[in-house]
Amino acid sequence: MKKNQLLFFLCLLTTFTTIGQIKLPKNKAIINKSLEKHKTELIKISDAIWAKSETAFEEYESSKLLSDYAEKNGFNVQRGVAGMPTAFVATYGSGSPVISVLGEFDALPGISQKTLPTKEPIVEGAAGHGCGHNLFGTASLGAAIAIKELMDAGKIKGTIKFFGTPSEEKFFGKIWMVRAGLWNDVDVNISWHPGDNIESDVQSSLALVDFKIEFFGQAAHASADPWNGRSASDALELYTTGINYYREHVKPTVRLHYHIQDGGQVVNVVPDYAKLWMRVRDTKRSGLLPVYERAMKMAEGAAIMANVDYKVSLISGIYEVLVNRTGGEIMQKNLQLLGPINYSDEEIAFGKKIQEVTGKPQVGMDSNIKPLEVTKENPGGGSTDVGDVSWNVANINLSVTTAPKDTPWHSWAVVACGGMSIGHKGMLYASNAMAMTMADLFENPKLIEKVKSEFKERKGDEVYEAIIPEGPPPIPTKL
Ligand SMILES: [Zn+2]
């Protein structure tokens, strides 16, 4: 062996370590080991959050489980940030760079489910983790702890922050955290979401605005003296008719949805009150605003026709995600290093049963690493308050398999997988991928600069302006 060959060989020995089937560079092997050490505890926390299934702004115990474990691991924890009792920031280290990771933990109402591949609620009508946020928050905390331990091992320097972000599903808690300036000193933020595939996610999401419309009329007997009545539900029906005609004249990227929350109580009373929850979306916030204006104007028109009063109240709104491909490429390399997730025969059978019951092809889980996709100008899909974070700090997004291919999301099937090993495996995989990506950034300031410069370029002249009403977040009052 020549001298330079020998040096190369020695170099490989010192910088790579083999963990199981995977050969990882040394710092990434330390991360993997950290997560292996915390695995049992992380699964316990995730399962406890799954069992609690606390919804929007009520996630007291879930938030405590995560923030307590952060504190136990040496993080400095600030609870109740941005006026939200269940929001928190856990910080470790000091100085530059500052890298953060997001953790959600709220559940969805009405989809309680056992860890079974057929629909069977634990408690009929109770909440369940149909978006996998029990895995989301716990995986991100695991990643933050692995980075902290890499700092303790003297391998990297700087600050790691874990943001506990409540109420993603209903009120979009991150908007108030952004308004409080919590990401102002952060260089790069990492986020992930449970899904049915593994990919470094370089697609945006839809911007949206949520608002409430109320109509106020005059009650009367529906048969004896209807001429004395002014019907709030007439206004509501006229309004939704207007919205449904309007659908024909919006761009294909626009989505309009409404939910009738109060249309009167009984058939023999002209209703004096009606209420509607309205949501407008578009792939770009700039396209969304004129549609929102028009949808508000229609409320006035409906009120005039029914001769009633009306009130429009803004709930909140979110931006589309600002993509960062430079960050996405770093994440992609780490996914390729990790490779796909291996499933047992029992897990594959569980996945196929869910597919059978939900009428999907019985192919099991898809954990192949998708190649980095072209970023679509107008993506489909949903919305997330990660969007608001991504306009304030460069953001890297990841999706990891925690449910079988094509599983209907926000459904009992996602709840089922999130409380058992299919979900746990995805969660630990996400921890590894995010921590490895953060390690790359900590190790290489030039990489951080590249990610940040793409962020600046994509943001351009846009001045971020949150779509939220003045005042504190809408925290429900405790009875
Ligand atoms: Zn979600």
# chains A, B, ... in the order shown; residues from 1 in each chain; ligands from 1
>>> residues_around(residues="segment 363-366 of chain A", least_positions_apart="6", cutoff="7 Å", atoms="only C-alpha atoms", output="list in words")
Asp196, Asn197, Ile348, Gly351, Lys352, Thr401, Ala403, Pro404 and Lys405 of chain A
>>> residues_near_ligand(ligand="ligand 1", cutoff="7 Å", atoms="only C-alpha atoms and all ligand atoms", output="CSV table (one decimal) with all heavy atoms, in the first residue's frame")
chain,number,residue,atom,x,y,z
A,131,CYS,N,-52.7,13.5,12.5
A,131,CYS,CA,-51.7,14.2,11.7
A,131,CYS,C,-50.3,13.8,12.2
A,131,CYS,O,-49.3,14.3,11.7
A,131,CYS,CB,-51.9,15.7,11.7
A,131,CYS,SG,-51.3,16.5,10.2
A,132,GLY,N,-50.3,12.9,13.2
A,132,GLY,CA,-49.0,12.4,13.7
A,132,GLY,C,-48.2,13.4,14.4
A,132,GLY,O,-47.0,13.3,14.5
A,133,HIS,N,-48.8,14.4,15.1
A,133,HIS,CA,-48.0,15.4,15.7
A,133,HIS,C,-47.4,14.9,17.0
A,133,HIS,O,-46.5,15.6,17.5
A,133,HIS,CB,-48.9,16.7,16.0
A,133,HIS,CG,-49.3,17.4,14.7
A,133,HIS,ND1,-50.0,18.5,14.7
A,133,HIS,CD2,-49.0,17.1,13.4
A,133,HIS,CE1,-50.2,18.9,13.5
A,133,HIS,NE2,-49.6,18.1,12.7
A,168,GLU,N,-51.3,23.8,15.8
A,168,GLU,CA,-51.1,23.9,14.3
A,168,GLU,C,-52.4,23.7,13.6
A,168,GLU,O,-52.7,24.4,12.6
A,168,GLU,CB,-50.0,23.0,13.9
A,168,GLU,CG,-49.5,23.2,12.4
A,168,GLU,CD,-50.4,22.6,11.3
A,168,GLU,OE1,-51.2,21.6,11.6
A,168,GLU,OE2,-50.4,23.1,10.2
A,169,GLU,N,-53.2,22.8,14.1
A,169,GLU,CA,-54.4,22.4,13.4
A,169,GLU,C,-55.5,23.4,13.3
A,169,GLU,O,-56.3,23.4,12.4
A,169,GLU,CB,-55.0,21.1,14.0
A,169,GLU,CG,-54.0,19.9,13.9
A,169,GLU,CD,-53.8,19.4,12.5
A,169,GLU,OE1,-54.4,19.9,11.5
A,169,GLU,OE2,-53.0,18.4,12.3
A,193,HIS,N,-42.5,16.7,8.7
A,193,HIS,CA,-43.9,16.3,9.0
A,193,HIS,C,-44.1,14.8,8.7
A,193,HIS,O,-43.5,14.3,7.7
A,193,HIS,CB,-44.9,17.0,8.1
A,193,HIS,CG,-46.2,17.0,8.7
A,193,HIS,ND1,-47.1,15.9,8.7
A,193,HIS,CD2,-46.9,18.0,9.4
A,193,HIS,CE1,-48.2,16.2,9.3
A,193,HIS,NE2,-48.1,17.4,9.8
>>> closest_residue(among="A:Ser411, A:Gly380, A:Phe455, A:Lys157", to="Pro252 of chain A", atoms="only C-alpha atoms")
A:Gly380
>>> residues_around(residues="segment 456-461 of chain A", least_positions_apart="5", cutoff="12 Å", atoms="only C-alpha atoms", output="ChimeraX atom specification")
/A:187,320-326,388,390-395,449-451
>>> closest_residue(among="A:Leu236, A:Ala70, A:Ala413, A:Met331", to="Lys119 of chain A", atoms="only C-alpha atoms")
A:Ala413
>>> residues_around(residues="Thr165 of chain A", least_positions_apart="2", cutoff="10 Å", atoms="only C-alpha atoms", output="PyMOL selection string")
chain A and resi 57+63+81+84+86-89+102-106+137+162-163+167-168+172-177+385-386
>>> write_last_selection(atoms="N, CA and C atoms", output="PDB file, in the first residue's frame")
ATOM      1  N   PHE A  57     -54.460  24.486  21.660  1.00  0.00           N
ATOM      2  CA  PHE A  57     -54.226  25.316  22.845  1.00  0.00           C
ATOM      3  C   PHE A  57     -54.609  24.636  24.161  1.00  0.00           C
ATOM      4  N   SER A  63     -47.311  19.403  26.095  1.00  0.00           N
ATOM      5  CA  SER A  63     -46.274  20.423  26.137  1.00  0.00           C
ATOM      6  C   SER A  63     -45.338  20.170  27.331  1.00  0.00           C
ATOM      7  N   VAL A  81     -44.443  31.030  26.109  1.00  0.00           N
ATOM      8  CA  VAL A  81     -43.971  32.159  25.282  1.00  0.00           C
ATOM      9  C   VAL A  81     -45.089  32.668  24.364  1.00  0.00           C
ATOM     10  N   MET A  84     -48.951  32.166  24.866  1.00  0.00           N
ATOM     11  CA  MET A  84     -49.634  30.865  24.743  1.00  0.00           C
ATOM     12  C   MET A  84     -49.082  29.917  25.809  1.00  0.00           C
ATOM     13  N   THR A  86     -49.085  26.841  26.252  1.00  0.00           N
ATOM     14  CA  THR A  86     -48.473  25.566  25.842  1.00  0.00           C
ATOM     15  C   THR A  86     -47.319  25.734  24.848  1.00  0.00           C
ATOM     16  N   ALA A  87     -46.957  26.982  24.535  1.00  0.00           N
ATOM     17  CA  ALA A  87     -45.809  27.219  23.646  1.00  0.00           C
ATOM     18  C   ALA A  87     -44.544  27.352  24.484  1.00  0.00           C
ATOM     19  N   PHE A  88     -43.437  26.816  23.981  1.00  0.00           N
ATOM     20  CA  PHE A  88     -42.184  26.964  24.740  1.00  0.00           C
ATOM     21  C   PHE A  88     -40.972  26.940  23.813  1.00  0.00           C
ATOM     22  N   VAL A  89     -39.864  27.447  24.371  1.00  0.00           N
ATOM     23  CA  VAL A  89     -38.590  27.398  23.656  1.00  0.00           C
ATOM     24  C   VAL A  89     -37.574  26.739  24.580  1.00  0.00           C
ATOM     25  N   LEU A 102     -38.539  22.707  14.830  1.00  0.00           N
ATOM     26  CA  LEU A 102     -39.934  22.901  15.247  1.00  0.00           C
ATOM     27  C   LEU A 102     -40.554  21.593  15.736  1.00  0.00           C
ATOM     28  N   GLY A 103     -41.393  21.697  16.762  1.00  0.00           N
ATOM     29  CA  GLY A 103     -42.108  20.512  17.247  1.00  0.00           C
ATOM     30  C   GLY A 103     -43.574  20.810  17.517  1.00  0.00           C
ATOM     31  N   GLU A 104     -44.451  20.117  16.795  1.00  0.00           N
ATOM     32  CA  GLU A 104     -45.898  20.259  17.031  1.00  0.00           C
ATOM     33  C   GLU A 104     -46.369  19.097  17.909  1.00  0.00           C
ATOM     34  N   PHE A 105     -47.527  19.262  18.550  1.00  0.00           N
ATOM     35  CA  PHE A 105     -48.016  18.189  19.433  1.00  0.00           C
ATOM     36  C   PHE A 105     -49.533  18.209  19.620  1.00  0.00           C
ATOM     37  N   ASP A 106     -50.272  18.944  18.772  1.00  0.00           N
ATOM     38  CA  ASP A 106     -51.736  18.994  18.952  1.00  0.00           C
ATOM     39  C   ASP A 106     -52.447  17.898  18.148  1.00  0.00           C
ATOM     40  N   GLY A 137     -43.502  16.348  17.333  1.00  0.00           N
ATOM     41  CA  GLY A 137     -42.853  17.054  18.439  1.00  0.00           C
ATOM     42  C   GLY A 137     -41.726  16.232  19.042  1.00  0.00           C
ATOM     43  N   PHE A 162     -35.136  24.348  20.414  1.00  0.00           N
ATOM     44  CA  PHE A 162     -36.314  23.546  20.071  1.00  0.00           C
ATOM     45  C   PHE A 162     -37.538  24.400  20.376  1.00  0.00           C
ATOM     46  N   PHE A 163     -38.371  24.617  19.350  1.00  0.00           N
ATOM     47  CA  PHE A 163     -39.585  25.401  19.533  1.00  0.00           C
ATOM     48  C   PHE A 163     -40.794  24.474  19.684  1.00  0.00           C
ATOM     49  N   SER A 167     -51.133  24.224  18.703  1.00  0.00           N
ATOM     50  CA  SER A 167     -52.308  24.519  17.881  1.00  0.00           C
ATOM     51  C   SER A 167     -52.026  24.751  16.399  1.00  0.00           C
ATOM     52  N   GLU A 168     -51.319  23.804  15.779  1.00  0.00           N
ATOM     53  CA  GLU A 168     -51.102  23.944  14.322  1.00  0.00           C
ATOM     54  C   GLU A 168     -52.401  23.718  13.574  1.00  0.00           C
ATOM     55  N   PHE A 172     -53.150  27.999  14.338  1.00  0.00           N
ATOM     56  CA  PHE A 172     -51.829  28.308  13.778  1.00  0.00           C
ATOM     57  C   PHE A 172     -50.961  29.079  14.779  1.00  0.00           C
ATOM     58  N   GLY A 173     -50.650  28.399  15.882  1.00  0.00           N
ATOM     59  CA  GLY A 173     -49.893  29.012  16.983  1.00  0.00           C
ATOM     60  C   GLY A 173     -48.588  29.693  16.579  1.00  0.00           C
ATOM     61  N   LYS A 174     -47.936  29.182  15.513  1.00  0.00           N
ATOM     62  CA  LYS A 174     -46.624  29.754  15.157  1.00  0.00           C
ATOM     63  C   LYS A 174     -46.712  31.222  14.756  1.00  0.00           C
ATOM     64  N   ILE A 175     -47.888  31.652  14.291  1.00  0.00           N
ATOM     65  CA  ILE A 175     -47.993  33.054  13.850  1.00  0.00           C
ATOM     66  C   ILE A 175     -47.697  33.994  15.017  1.00  0.00           C
ATOM     67  N   TRP A 176     -48.207  33.643  16.207  1.00  0.00           N
ATOM     68  CA  TRP A 176     -47.979  34.517  17.364  1.00  0.00           C
ATOM     69  C   TRP A 176     -46.531  34.409  17.820  1.00  0.00           C
ATOM     70  N   MET A 177     -45.930  33.240  17.634  1.00  0.00           N
ATOM     71  CA  MET A 177     -44.517  33.079  18.006  1.00  0.00           C
ATOM     72  C   MET A 177     -43.629  33.890  17.062  1.00  0.00           C
ATOM     73  N   ASP A 385     -48.647  26.480   9.290  1.00  0.00           N
ATOM     74  CA  ASP A 385     -48.084  27.714   9.847  1.00  0.00           C
ATOM     75  C   ASP A 385     -46.558  27.702   9.848  1.00  0.00           C
ATOM     76  N   VAL A 386     -45.966  26.603   9.365  1.00  0.00           N
ATOM     77  CA  VAL A 386     -44.520  26.608   9.122  1.00  0.00           C
ATOM     78  C   VAL A 386     -44.237  27.690   8.054  1.00  0.00           C
TER      79      VAL A 386
END
>>> select_by_dssp(residues="segment 56-182 of chain A", states="alpha helix (DSSP H)", output="ChimeraX atom specification")
/A:60-72,133-152,174-179
>>> write_last_selection(atoms="N, CA, C and O atoms", output="compact mmCIF listing (two decimals), in the first residue's frame")
# COMPACT_ATOMS: atom_id res chain seq x y z
N TYR A 60 -51.76 20.95 27.37
CA TYR A 60 -50.98 21.22 28.59
C TYR A 60 -50.03 20.07 28.94
O TYR A 60 -48.86 20.29 29.18
N GLU A 61 -50.56 18.85 28.93
CA GLU A 61 -49.70 17.73 29.35
C GLU A 61 -48.69 17.35 28.28
O GLU A 61 -47.56 16.98 28.58
N SER A 62 -49.11 17.48 27.02
CA SER A 62 -48.18 17.16 25.92
C SER A 62 -47.00 18.12 25.93
O SER A 62 -45.84 17.72 25.79
N SER A 63 -47.31 19.40 26.09
CA SER A 63 -46.27 20.42 26.14
C SER A 63 -45.34 20.17 27.33
O SER A 63 -44.12 20.31 27.22
N LYS A 64 -45.91 19.77 28.44
CA LYS A 64 -45.11 19.51 29.65
C LYS A 64 -44.20 18.29 29.46
O LYS A 64 -43.04 18.31 29.85
N LEU A 65 -44.73 17.25 28.82
CA LEU A 65 -43.91 16.05 28.59
C LEU A 65 -42.65 16.40 27.79
O LEU A 65 -41.55 15.96 28.12
N LEU A 66 -42.83 17.21 26.76
CA LEU A 66 -41.70 17.57 25.90
C LEU A 66 -40.76 18.56 26.60
O LEU A 66 -39.54 18.36 26.61
N SER A 67 -41.33 19.59 27.20
CA SER A 67 -40.47 20.62 27.82
C SER A 67 -39.74 20.06 29.05
O SER A 67 -38.59 20.41 29.28
N ASP A 68 -40.39 19.17 29.79
CA ASP A 68 -39.71 18.56 30.95
C ASP A 68 -38.53 17.71 30.50
O ASP A 68 -37.47 17.71 31.13
N TYR A 69 -38.73 16.96 29.40
CA TYR A 69 -37.61 16.10 28.94
C TYR A 69 -36.45 16.97 28.41
O TYR A 69 -35.29 16.62 28.61
N ALA A 70 -36.80 18.10 27.79
CA ALA A 70 -35.75 19.02 27.33
C ALA A 70 -34.98 19.54 28.54
O ALA A 70 -33.74 19.55 28.55
N GLU A 71 -35.71 19.92 29.57
CA GLU A 71 -35.08 20.46 30.78
C GLU A 71 -34.20 19.41 31.45
O GLU A 71 -33.08 19.69 31.85
N LYS A 72 -34.73 18.21 31.54
CA LYS A 72 -33.99 17.10 32.15
C LYS A 72 -32.67 16.85 31.41
O LYS A 72 -31.69 16.40 31.99
N HIS A 133 -48.83 14.38 15.05
CA HIS A 133 -48.05 15.42 15.73
C HIS A 133 -47.41 14.92 17.03
O HIS A 133 -46.48 15.56 17.53
N ASN A 134 -47.87 13.78 17.56
CA ASN A 134 -47.18 13.19 18.71
C ASN A 134 -45.77 12.77 18.29
O ASN A 134 -44.81 12.91 19.06
N LEU A 135 -45.66 12.30 17.04
CA LEU A 135 -44.35 11.90 16.51
C LEU A 135 -43.53 13.14 16.14
O LEU A 135 -42.31 13.19 16.33
N PHE A 136 -44.23 14.12 15.58
CA PHE A 136 -43.60 15.36 15.10
C PHE A 136 -42.80 16.03 16.23
O PHE A 136 -41.58 16.25 16.14
N GLY A 137 -43.50 16.35 17.33
CA GLY A 137 -42.85 17.05 18.44
C GLY A 137 -41.73 16.23 19.04
O GLY A 137 -40.63 16.74 19.31
N THR A 138 -41.97 14.94 19.22
CA THR A 138 -40.99 14.09 19.90
C THR A 138 -39.74 13.88 19.05
O THR A 138 -38.61 13.94 19.55
N ALA A 139 -39.93 13.66 17.74
CA ALA A 139 -38.77 13.47 16.86
C ALA A 139 -37.89 14.72 16.86
O ALA A 139 -36.65 14.63 16.90
N SER A 140 -38.53 15.89 16.83
CA SER A 140 -37.75 17.13 16.77
C SER A 140 -36.99 17.35 18.07
O SER A 140 -35.84 17.81 18.05
N LEU A 141 -37.61 17.00 19.18
CA LEU A 141 -36.90 17.12 20.46
C LEU A 141 -35.71 16.15 20.49
O LEU A 141 -34.62 16.51 20.92
N GLY A 142 -35.93 14.95 19.99
CA GLY A 142 -34.83 13.97 19.91
C GLY A 142 -33.66 14.53 19.10
O GLY A 142 -32.50 14.41 19.51
N ALA A 143 -33.97 15.17 17.98
CA ALA A 143 -32.91 15.75 17.13
C ALA A 143 -32.17 16.84 17.89
O ALA A 143 -30.92 16.91 17.84
N ALA A 144 -32.90 17.68 18.61
CA ALA A 144 -32.26 18.77 19.36
C ALA A 144 -31.34 18.20 20.45
O ALA A 144 -30.23 18.70 20.65
N ILE A 145 -31.80 17.14 21.11
CA ILE A 145 -30.98 16.53 22.17
C ILE A 145 -29.71 15.89 21.58
O ILE A 145 -28.62 16.01 22.15
N ALA A 146 -29.85 15.26 20.43
CA ALA A 146 -28.68 14.65 19.78
C ALA A 146 -27.65 15.73 19.44
O ALA A 146 -26.44 15.53 19.58
N ILE A 147 -28.11 16.90 19.00
CA ILE A 147 -27.20 18.01 18.68
C ILE A 147 -26.53 18.52 19.97
O ILE A 147 -25.34 18.80 20.00
N LYS A 148 -27.33 18.62 21.02
CA LYS A 148 -26.78 19.06 22.32
C LYS A 148 -25.66 18.11 22.75
O LYS A 148 -24.61 18.54 23.22
N GLU A 149 -25.86 16.81 22.55
CA GLU A 149 -24.84 15.85 22.98
C GLU A 149 -23.60 15.91 22.09
O GLU A 149 -22.49 15.63 22.54
N LEU A 150 -23.81 16.30 20.84
CA LEU A 150 -22.67 16.50 19.94
C LEU A 150 -21.86 17.73 20.39
O LEU A 150 -20.63 17.74 20.29
N MET A 151 -22.57 18.74 20.88
CA MET A 151 -21.90 19.92 21.45
C MET A 151 -21.11 19.52 22.69
O MET A 151 -19.96 19.91 22.86
N ASP A 152 -21.75 18.72 23.56
CA ASP A 152 -21.09 18.27 24.79
C ASP A 152 -19.84 17.46 24.49
O ASP A 152 -18.88 17.48 25.26
N LYS A 174 -47.94 29.18 15.51
CA LYS A 174 -46.62 29.75 15.16
C LYS A 174 -46.71 31.22 14.76
O LYS A 174 -45.74 31.97 14.87
N ILE A 175 -47.89 31.65 14.29
CA ILE A 175 -47.99 33.05 13.85
C ILE A 175 -47.70 33.99 15.02
O ILE A 175 -47.01 34.99 14.85
N TRP A 176 -48.21 33.64 16.21
CA TRP A 176 -47.98 34.52 17.36
C TRP A 176 -46.53 34.41 17.82
O TRP A 176 -45.97 35.36 18.33
N MET A 177 -45.93 33.24 17.63
CA MET A 177 -44.52 33.08 18.01
C MET A 177 -43.63 33.89 17.06
O MET A 177 -42.64 34.48 17.48
N VAL A 178 -44.02 33.93 15.79
CA VAL A 178 -43.29 34.76 14.83
C VAL A 178 -43.45 36.23 15.22
O VAL A 178 -42.48 36.99 15.24
N ARG A 179 -44.69 36.61 15.56
CA ARG A 179 -44.95 38.01 15.92
C ARG A 179 -44.11 38.41 17.14
O ARG A 179 -43.67 39.56 17.24
>>> select_by_dssp(residues="segment 247-341 of chain A", states="strand (DSSP E or B)", output="ChimeraX atom specification")
/A:255-262,269,273-282,309-318
>>> write_last_selection(atoms="N, CA and C atoms", output="PDB file, in the first residue's frame")
ATOM      1  N   ARG A 255     -58.784  27.892  -3.446  1.00  0.00           N
ATOM      2  CA  ARG A 255     -59.731  26.987  -2.781  1.00  0.00           C
ATOM      3  C   ARG A 255     -60.616  27.822  -1.851  1.00  0.00           C
ATOM      4  N   LEU A 256     -61.937  27.513  -1.869  1.00  0.00           N
ATOM      5  CA  LEU A 256     -62.884  28.193  -0.980  1.00  0.00           C
ATOM      6  C   LEU A 256     -63.637  27.121  -0.211  1.00  0.00           C
ATOM      7  N   HIS A 257     -63.628  27.197   1.115  1.00  0.00           N
ATOM      8  CA  HIS A 257     -64.435  26.243   1.881  1.00  0.00           C
ATOM      9  C   HIS A 257     -65.188  26.982   2.976  1.00  0.00           C
ATOM     10  N   TYR A 258     -66.361  26.447   3.291  1.00  0.00           N
ATOM     11  CA  TYR A 258     -67.076  27.009   4.430  1.00  0.00           C
ATOM     12  C   TYR A 258     -67.662  25.908   5.293  1.00  0.00           C
ATOM     13  N   HIS A 259     -67.912  26.283   6.536  1.00  0.00           N
ATOM     14  CA  HIS A 259     -68.533  25.356   7.473  1.00  0.00           C
ATOM     15  C   HIS A 259     -69.642  26.119   8.186  1.00  0.00           C
ATOM     16  N   ILE A 260     -70.888  25.629   8.046  1.00  0.00           N
ATOM     17  CA  ILE A 260     -72.015  26.296   8.701  1.00  0.00           C
ATOM     18  C   ILE A 260     -72.008  25.918  10.176  1.00  0.00           C
ATOM     19  N   GLN A 261     -71.816  26.915  11.015  1.00  0.00           N
ATOM     20  CA  GLN A 261     -71.689  26.629  12.442  1.00  0.00           C
ATOM     21  C   GLN A 261     -72.999  26.868  13.193  1.00  0.00           C
ATOM     22  N   ASP A 262     -73.839  27.738  12.638  1.00  0.00           N
ATOM     23  CA  ASP A 262     -75.137  27.983  13.260  1.00  0.00           C
ATOM     24  C   ASP A 262     -76.095  28.471  12.178  1.00  0.00           C
ATOM     25  N   VAL A 269     -89.150  28.810  13.900  1.00  0.00           N
ATOM     26  CA  VAL A 269     -88.697  30.150  14.285  1.00  0.00           C
ATOM     27  C   VAL A 269     -87.872  30.736  13.140  1.00  0.00           C
ATOM     28  N   TYR A 273     -80.140  34.554  14.150  1.00  0.00           N
ATOM     29  CA  TYR A 273     -78.675  34.472  14.193  1.00  0.00           C
ATOM     30  C   TYR A 273     -78.191  33.325  13.311  1.00  0.00           C
ATOM     31  N   ALA A 274     -77.136  33.579  12.559  1.00  0.00           N
ATOM     32  CA  ALA A 274     -76.495  32.516  11.769  1.00  0.00           C
ATOM     33  C   ALA A 274     -74.997  32.794  11.726  1.00  0.00           C
ATOM     34  N   LYS A 275     -74.224  31.699  11.651  1.00  0.00           N
ATOM     35  CA  LYS A 275     -72.764  31.855  11.712  1.00  0.00           C
ATOM     36  C   LYS A 275     -72.079  30.866  10.769  1.00  0.00           C
ATOM     37  N   LEU A 276     -71.039  31.338  10.128  1.00  0.00           N
ATOM     38  CA  LEU A 276     -70.327  30.550   9.128  1.00  0.00           C
ATOM     39  C   LEU A 276     -68.829  30.735   9.327  1.00  0.00           C
ATOM     40  N   TRP A 277     -68.107  29.629   9.235  1.00  0.00           N
ATOM     41  CA  TRP A 277     -66.637  29.694   9.292  1.00  0.00           C
ATOM     42  C   TRP A 277     -66.150  29.574   7.859  1.00  0.00           C
ATOM     43  N   MET A 278     -65.392  30.532   7.408  1.00  0.00           N
ATOM     44  CA  MET A 278     -65.006  30.612   5.992  1.00  0.00           C
ATOM     45  C   MET A 278     -63.484  30.523   5.871  1.00  0.00           C
ATOM     46  N   ARG A 279     -63.037  29.821   4.839  1.00  0.00           N
ATOM     47  CA  ARG A 279     -61.592  29.700   4.603  1.00  0.00           C
ATOM     48  C   ARG A 279     -61.296  29.889   3.120  1.00  0.00           C
ATOM     49  N   VAL A 280     -60.334  30.734   2.829  1.00  0.00           N
ATOM     50  CA  VAL A 280     -59.901  30.977   1.450  1.00  0.00           C
ATOM     51  C   VAL A 280     -58.430  30.606   1.354  1.00  0.00           C
ATOM     52  N   ARG A 281     -58.068  29.895   0.271  1.00  0.00           N
ATOM     53  CA  ARG A 281     -56.651  29.536   0.094  1.00  0.00           C
ATOM     54  C   ARG A 281     -56.187  29.845  -1.314  1.00  0.00           C
ATOM     55  N   ASP A 282     -54.891  30.058  -1.442  1.00  0.00           N
ATOM     56  CA  ASP A 282     -54.264  30.130  -2.758  1.00  0.00           C
ATOM     57  C   ASP A 282     -52.806  29.718  -2.586  1.00  0.00           C
ATOM     58  N   ASP A 309     -78.254  42.468   9.678  1.00  0.00           N
ATOM     59  CA  ASP A 309     -76.919  43.020   9.924  1.00  0.00           C
ATOM     60  C   ASP A 309     -75.896  41.893   9.815  1.00  0.00           C
ATOM     61  N   TYR A 310     -74.652  42.282   9.668  1.00  0.00           N
ATOM     62  CA  TYR A 310     -73.618  41.251   9.564  1.00  0.00           C
ATOM     63  C   TYR A 310     -72.328  41.732  10.193  1.00  0.00           C
ATOM     64  N   LYS A 311     -71.483  40.748  10.492  1.00  0.00           N
ATOM     65  CA  LYS A 311     -70.170  41.069  11.059  1.00  0.00           C
ATOM     66  C   LYS A 311     -69.148  40.052  10.536  1.00  0.00           C
ATOM     67  N   VAL A 312     -68.022  40.554  10.045  1.00  0.00           N
ATOM     68  CA  VAL A 312     -66.944  39.667   9.605  1.00  0.00           C
ATOM     69  C   VAL A 312     -65.808  39.781  10.619  1.00  0.00           C
ATOM     70  N   SER A 313     -65.335  38.658  11.134  1.00  0.00           N
ATOM     71  CA  SER A 313     -64.215  38.701  12.091  1.00  0.00           C
ATOM     72  C   SER A 313     -63.072  37.826  11.573  1.00  0.00           C
ATOM     73  N   LEU A 314     -61.907  38.421  11.497  1.00  0.00           N
ATOM     74  CA  LEU A 314     -60.718  37.667  11.088  1.00  0.00           C
ATOM     75  C   LEU A 314     -60.308  36.722  12.209  1.00  0.00           C
ATOM     76  N   ILE A 315     -60.056  35.466  11.867  1.00  0.00           N
ATOM     77  CA  ILE A 315     -59.519  34.529  12.875  1.00  0.00           C
ATOM     78  C   ILE A 315     -57.993  34.561  12.769  1.00  0.00           C
ATOM     79  N   SER A 316     -57.477  34.129  11.637  1.00  0.00           N
ATOM     80  CA  SER A 316     -56.036  34.242  11.374  1.00  0.00           C
ATOM     81  C   SER A 316     -55.770  33.797   9.948  1.00  0.00           C
ATOM     82  N   GLY A 317     -54.543  33.966   9.531  1.00  0.00           N
ATOM     83  CA  GLY A 317     -54.179  33.539   8.181  1.00  0.00           C
ATOM     84  C   GLY A 317     -52.708  33.181   8.145  1.00  0.00           C
ATOM     85  N   ILE A 318     -52.330  32.352   7.176  1.00  0.00           N
ATOM     86  CA  ILE A 318     -50.924  31.952   7.104  1.00  0.00           C
ATOM     87  C   ILE A 318     -50.364  32.081   5.697  1.00  0.00           C
TER      88      ILE A 318
END
